[in-house]
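*Asks:* Please read through the structure below; I'll follow up with questions.
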Amino acid sequence: MIGVCDCNNFFVSCERVFNPSLNGKPVVVLSNNDGCIISRSNEAKRLGIKMGQPYFQIKRFCDENGVKIFSSNYALYSDMSHRVMTILRETVPHIEVYSVDEAFIGFGTDDTEIIGKTGRYIVDRVRRCTGIPVSIGISPSRTLAKIASKLSKQYPRLDGMCLMYRKEDVEKVLKKFPIGDVWGIGRRLSARLLSMGYGTAWDFYCMNKASARHLGGIGTERTWEELHGTPCIELEPEEKGRQQICVSRSFAEGITDFEEMRSVVAAFASKCAEKLRKEKSLCSSLSVFMRGGISSAREVPDYDSRFILLETPTDNTAVIAAAAVKALSLIFGGRGRGYKKAGVILTGLSPKSHRQTRLFDETDHEKEGRFFKAVDAINSVNGANTIVIASQGFSAMRVNRNHLSKHYTTDWDEILTVQV
């Protein structure tokens, strides 16, 4: 049996933990630079506010309907996510973090009574210890568990936990479950299935296995098998390292100046290197990408990127930043309205313990490691960017965060104040 634990309206729930007056009111959280809606309370959903909707389009509507607006507070959300995942690790033997607000869990037993009690315990403990409401779906496969999780959100009588394993129960649910809401069925495949008359998960379930593969390849066949209760994706061990590390951001205003963009890219590269060291990994390559405004000729965003292969795998901030700036210089060009987004992606990651160097490499990697360990420690204690590389500079990046809440759990100066 596999479970999926999903935090309900996670970003909104984090804001409500420290501001209970928001309970029962429509609340939305915005993306970087207060751009689009990325989290909505159930009350906001009932008002018709859509996920991904640009805020400027509905600002007046929000004001008229008393919708509470918050800028994204990723430091707070990340810390609250860590607390939830810690509880899961303490409760079940297997956990695979799927996203900041979701994780697959394994129970280490097939006893449905024990599994049901464990699921109920998790829901209650996470709510009691963090204030975050979660929904848990448990079933023989990931796809069925995701469906069970949706049911636990839709039906209050389930009280946040749905254990779905009996064949008759699964079939009853699939007969009413929309095909477009099945995990693994993308938008295009969903439209194709609907055009063929397959409107529910049950219709797809009753399809011939060979037909499922013919429609969408091996991925669609696996979804078909998972709906039949055959798990096709096992839980992965947590120690498995990342495939890449990315730091990117959209800008409040388009950047047209190379020097300003160089500082931004160097800052992104520095943050990537810090994350790399935290995971005790090295990278052997990186990419820099930039996206401009909409091209009137093609009606698509201008997009540029460049891949750089490093001489040897490294976690050195200076080396990574220099390579990122080199990539930037190869693709930076004039844009009338400037670049609206940029990012740095580290790839070719490998464990630091397996470092391979060049034959005549004279770098003292041990000394280098001690240096960056000290830099990371200083930045951790005194705040990010206390020590930076020269190309990064000290100027803060221009961002719109006009509705930002306090960093209640990560900044002593903004800790929650309680009046008695």
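Chain labels A, B, ... are given in the sequence in which chains occur in the structure tokens; within each chain residues are numbered consecutively from 1, and ligands are likewise numbered from 1 in the order shown.
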Check which residues of range 42-102 of chain A sit at most 12 Å from range 1-19 of chain A using only C-alpha atoms, and return one row each with the closest pair of atoms and their distance in Å to one decimal, ordered by chain and rising number, as JSON lines.
*Replies:*
```
{"residue": "A:Asn42", "atom": "CA", "partner": "A:Asn9", "partner_atom": "CA", "distance": 8.0}
{"residue": "A:Glu43", "atom": "CA", "partner": "A:Asn9", "partner_atom": "CA", "distance": 11.0}
{"residue": "A:Ala44", "atom": "CA", "partner": "A:Val12", "partner_atom": "CA", "distance": 10.5}
{"residue": "A:Lys45", "atom": "CA", "partner": "A:Asn9", "partner_atom": "CA", "distance": 10.5}
{"residue": "A:Met51", "atom": "CA", "partner": "A:Asn9", "partner_atom": "CA", "distance": 11.3}
{"residue": "A:Lys68", "atom": "CA", "partner": "A:Val12", "partner_atom": "CA", "distance": 10.0}
{"residue": "A:Ile69", "atom": "CA", "partner": "A:Val12", "partner_atom": "CA", "distance": 9.8}
{"residue": "A:Phe70", "atom": "CA", "partner": "A:Glu15", "partner_atom": "CA", "distance": 8.3}
{"residue": "A:Ser71", "atom": "CA", "partner": "A:Phe11", "partner_atom": "CA", "distance": 10.0}
{"residue": "A:Ser72", "atom": "CA", "partner": "A:Phe11", "partner_atom": "CA", "distance": 7.8}
{"residue": "A:Asn73", "atom": "CA", "partner": "A:Phe11", "partner_atom": "CA", "distance": 8.3}
{"residue": "A:Tyr74", "atom": "CA", "partner": "A:Phe11", "partner_atom": "CA", "distance": 8.7}
{"residue": "A:Ala75", "atom": "CA", "partner": "A:Cys14", "partner_atom": "CA", "distance": 11.0}
{"residue": "A:Leu76", "atom": "CA", "partner": "A:Cys14", "partner_atom": "CA", "distance": 7.6}
{"residue": "A:Tyr77", "atom": "CA", "partner": "A:Phe11", "partner_atom": "CA", "distance": 6.4}
{"residue": "A:Ser78", "atom": "CA", "partner": "A:Phe11", "partner_atom": "CA", "distance": 9.8}
{"residue": "A:Asp79", "atom": "CA", "partner": "A:Cys14", "partner_atom": "CA", "distance": 9.8}
{"residue": "A:Met80", "atom": "CA", "partner": "A:Cys14", "partner_atom": "CA", "distance": 7.1}
{"residue": "A:Ser81", "atom": "CA", "partner": "A:Phe10", "partner_atom": "CA", "distance": 8.8}
{"residue": "A:Arg83", "atom": "CA", "partner": "A:Cys14", "partner_atom": "CA", "distance": 11.5}
{"residue": "A:Val84", "atom": "CA", "partner": "A:Cys7", "partner_atom": "CA", "distance": 8.8}
{"residue": "A:Met85", "atom": "CA", "partner": "A:Cys5", "partner_atom": "CA", "distance": 9.5}
{"residue": "A:Ile87", "atom": "CA", "partner": "A:Cys5", "partner_atom": "CA", "distance": 11.3}
{"residue": "A:Leu88", "atom": "CA", "partner": "A:Cys5", "partner_atom": "CA", "distance": 8.8}
{"residue": "A:Arg89", "atom": "CA", "partner": "A:Cys5", "partner_atom": "CA", "distance": 11.9}
{"residue": "A:Val92", "atom": "CA", "partner": "A:Gly3", "partner_atom": "CA", "distance": 10.4}
{"residue": "A:Pro93", "atom": "CA", "partner": "A:Ile2", "partner_atom": "CA", "distance": 11.9}
{"residue": "A:His94", "atom": "CA", "partner": "A:Ile2", "partner_atom": "CA", "distance": 9.8}
{"residue": "A:Ile95", "atom": "CA", "partner": "A:Gly3", "partner_atom": "CA", "distance": 9.4}
{"residue": "A:Glu96", "atom": "CA", "partner": "A:Val4", "partner_atom": "CA", "distance": 9.4}
{"residue": "A:Val97", "atom": "CA", "partner": "A:Cys5", "partner_atom": "CA", "distance": 9.6}
{"residue": "A:Tyr98", "atom": "CA", "partner": "A:Val4", "partner_atom": "CA", "distance": 9.2}
{"residue": "A:Ser99", "atom": "CA", "partner": "A:Asp6", "partner_atom": "CA", "distance": 9.3}
{"residue": "A:Val100", "atom": "CA", "partner": "A:Phe10", "partner_atom": "CA", "distance": 8.8}
{"residue": "A:Asp101", "atom": "CA", "partner": "A:Cys7", "partner_atom": "CA", "distance": 5.3}
{"residue": "A:Glu102", "atom": "CA", "partner": "A:Asp6", "partner_atom": "CA", "distance": 4.5}
```
*Asks:* Any chance you could list, as a ChimeraX atom specification, the residues in range 91-125 of chain A that come up alpha helix (DSSP H) when DSSP is run on the backbone?
*Replies:* /A:91,112-125
*Asks:* Go ahead and write the residues just picked, N, CA and C atoms, as a PDB file, in the first residue's frame.
*Replies:*
```
ATOM      1  N   THR A  91       7.147   9.066  11.606  1.00  0.00           N
ATOM      2  CA  THR A  91       5.951   8.237  11.749  1.00  0.00           C
ATOM      3  C   THR A  91       5.967   6.992  10.879  1.00  0.00           C
ATOM      4  N   THR A 112      -4.255  -3.506   6.705  1.00  0.00           N
ATOM      5  CA  THR A 112      -5.043  -2.298   6.420  1.00  0.00           C
ATOM      6  C   THR A 112      -5.511  -1.595   7.692  1.00  0.00           C
ATOM      7  N   GLU A 113      -5.704  -2.345   8.756  1.00  0.00           N
ATOM      8  CA  GLU A 113      -6.132  -1.712  10.013  1.00  0.00           C
ATOM      9  C   GLU A 113      -5.023  -0.821  10.571  1.00  0.00           C
ATOM     10  N   ILE A 114      -3.795  -1.339  10.551  1.00  0.00           N
ATOM     11  CA  ILE A 114      -2.649  -0.545  11.032  1.00  0.00           C
ATOM     12  C   ILE A 114      -2.420   0.651  10.116  1.00  0.00           C
ATOM     13  N   ILE A 115      -2.531   0.419   8.802  1.00  0.00           N
ATOM     14  CA  ILE A 115      -2.321   1.503   7.837  1.00  0.00           C
ATOM     15  C   ILE A 115      -3.349   2.610   8.041  1.00  0.00           C
ATOM     16  N   GLY A 116      -4.610   2.229   8.238  1.00  0.00           N
ATOM     17  CA  GLY A 116      -5.658   3.229   8.452  1.00  0.00           C
ATOM     18  C   GLY A 116      -5.419   4.041   9.713  1.00  0.00           C
ATOM     19  N   LYS A 117      -5.011   3.375  10.796  1.00  0.00           N
ATOM     20  CA  LYS A 117      -4.734   4.091  12.049  1.00  0.00           C
ATOM     21  C   LYS A 117      -3.529   5.020  11.892  1.00  0.00           C
ATOM     22  N   THR A 118      -2.518   4.562  11.141  1.00  0.00           N
ATOM     23  CA  THR A 118      -1.332   5.398  10.919  1.00  0.00           C
ATOM     24  C   THR A 118      -1.692   6.647  10.124  1.00  0.00           C
ATOM     25  N   GLY A 119      -2.502   6.473   9.071  1.00  0.00           N
ATOM     26  CA  GLY A 119      -2.930   7.620   8.279  1.00  0.00           C
ATOM     27  C   GLY A 119      -3.696   8.631   9.102  1.00  0.00           C
ATOM     28  N   ARG A 120      -4.621   8.139   9.943  1.00  0.00           N
ATOM     29  CA  ARG A 120      -5.388   9.034  10.810  1.00  0.00           C
ATOM     30  C   ARG A 120      -4.480   9.747  11.794  1.00  0.00           C
ATOM     31  N   TYR A 121      -3.483   9.028  12.330  1.00  0.00           N
ATOM     32  CA  TYR A 121      -2.542   9.625  13.285  1.00  0.00           C
ATOM     33  C   TYR A 121      -1.740  10.747  12.637  1.00  0.00           C
ATOM     34  N   ILE A 122      -1.314  10.535  11.386  1.00  0.00           N
ATOM     35  CA  ILE A 122      -0.537  11.562  10.683  1.00  0.00           C
ATOM     36  C   ILE A 122      -1.359  12.834  10.498  1.00  0.00           C
ATOM     37  N   VAL A 123      -2.604  12.678  10.045  1.00  0.00           N
ATOM     38  CA  VAL A 123      -3.473  13.844   9.846  1.00  0.00           C
ATOM     39  C   VAL A 123      -3.602  14.644  11.134  1.00  0.00           C
ATOM     40  N   ASP A 124      -3.854  13.945  12.233  1.00  0.00           N
ATOM     41  CA  ASP A 124      -4.061  14.620  13.514  1.00  0.00           C
ATOM     42  C   ASP A 124      -2.778  15.240  14.053  1.00  0.00           C
ATOM     43  N   ARG A 125      -1.653  14.502  13.909  1.00  0.00           N
ATOM     44  CA  ARG A 125      -0.408  15.009  14.481  1.00  0.00           C
ATOM     45  C   ARG A 125       0.129  16.209  13.710  1.00  0.00           C
TER      46      ARG A 125
END
```
*Asks:* Name the residues in contact with His228 in chain A at a cut-off of 10 Å, using only C-alpha atoms, excluding same-chain residues fewer than 5 positions from it; report them as a VMD selection string.
*Replies:* chain A and resid 140 to 141 143 to 144 167 170 to 171 205 to 206 222 to 223
*Asks:* Using only C-alpha atoms, which of A:Phe104, A:Thr312, A:Gly48, A:Gly184 sits nearest Ile218 in chain A?
*Replies:*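 Between A:Phe104, A:Thr312, A:Gly48, A:Gly184, the residue approaching Ile218 in chain A most closely is A:Gly184.
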*Asks:* Mind giving me the straight-line distance from CA of Ser250 in chain A to CA of Gly35 in chain A in Å, one decimal?
*Replies:*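 CA of Gly35 in chain A lies at a distance of 9.0 Å from CA of Ser250 in chain A.
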*Asks:* Looking only at the backbone, which of the residues in range 219-322 of chain A does DSSP tag as strand (DSSP E), as JSON, numbers by chain?
*Replies:* {"A": [245, 246, 247, 248, 249, 250, 251, 252, 253, 254, 255, 281, 282, 283, 284, 285, 286, 287, 288, 289, 290, 291, 292, 293, 294, 301, 302, 303, 304, 305, 306, 307, 308, 309, 310, 311, 312, 313, 314]}
*Asks:* Give me the residues within 8 Å of Ile255 in chain A as JSON, numbers by chain, counting only C-alpha atoms and dropping any in the same chain fewer than 4 places off.
*Replies:* {"A": [251, 260, 261, 337, 338, 339, 340]}
*Asks:* Residues at most 10 Å from range 371-385 of chain A, counting only C-alpha atoms, excluding those fewer than 3 positions away in the same chain, as a ChimeraX atom specification?
*Replies:* /A:267,270-271,273-275,277-278,315-317,365-368,388-389,392-394,396,411
*Asks:* Hey, what's within 8 Å of range 342-346 of chain A if we count only C-alpha atoms and toss same-chain stuff fewer than 2 positions away? As a PyMOL selection string, please?
*Replies:* chain A and resi 244-250+265+268-269+272+283-291+324+339-340+348-349
*Asks:* Using only C-alpha atoms, which residue out of A:Ser149, A:Asn400, A:Gln356, A:Thr220 lies closest to Ser31 in chain A?
*Replies:*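 Of A:Ser149, A:Asn400, A:Gln356, A:Thr220, the one nearest Ser31 in chain A is A:Asn400, counting only C-alpha atoms.
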*Asks:* Smallest atom-to-atom distance to Val264 in chain A: which of A:Tyr303, A:Phe177, A:Arg192, A:Val325, using only C-alpha atoms?
*Replies:*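 Of A:Tyr303, A:Phe177, A:Arg192, A:Val325, the one nearest Val264 in chain A, counting only C-alpha atoms, is A:Val325.
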*Asks:* Return the single residue from A:Gly216, A:Gly292, A:Gly369, A:Gly229 that is closest to Gly254 in chain A, with distances computed using only C-alpha atoms.
*Replies:*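 Between A:Gly216, A:Gly292, A:Gly369, A:Gly229, the residue approaching Gly254 in chain A most closely is A:Gly292.
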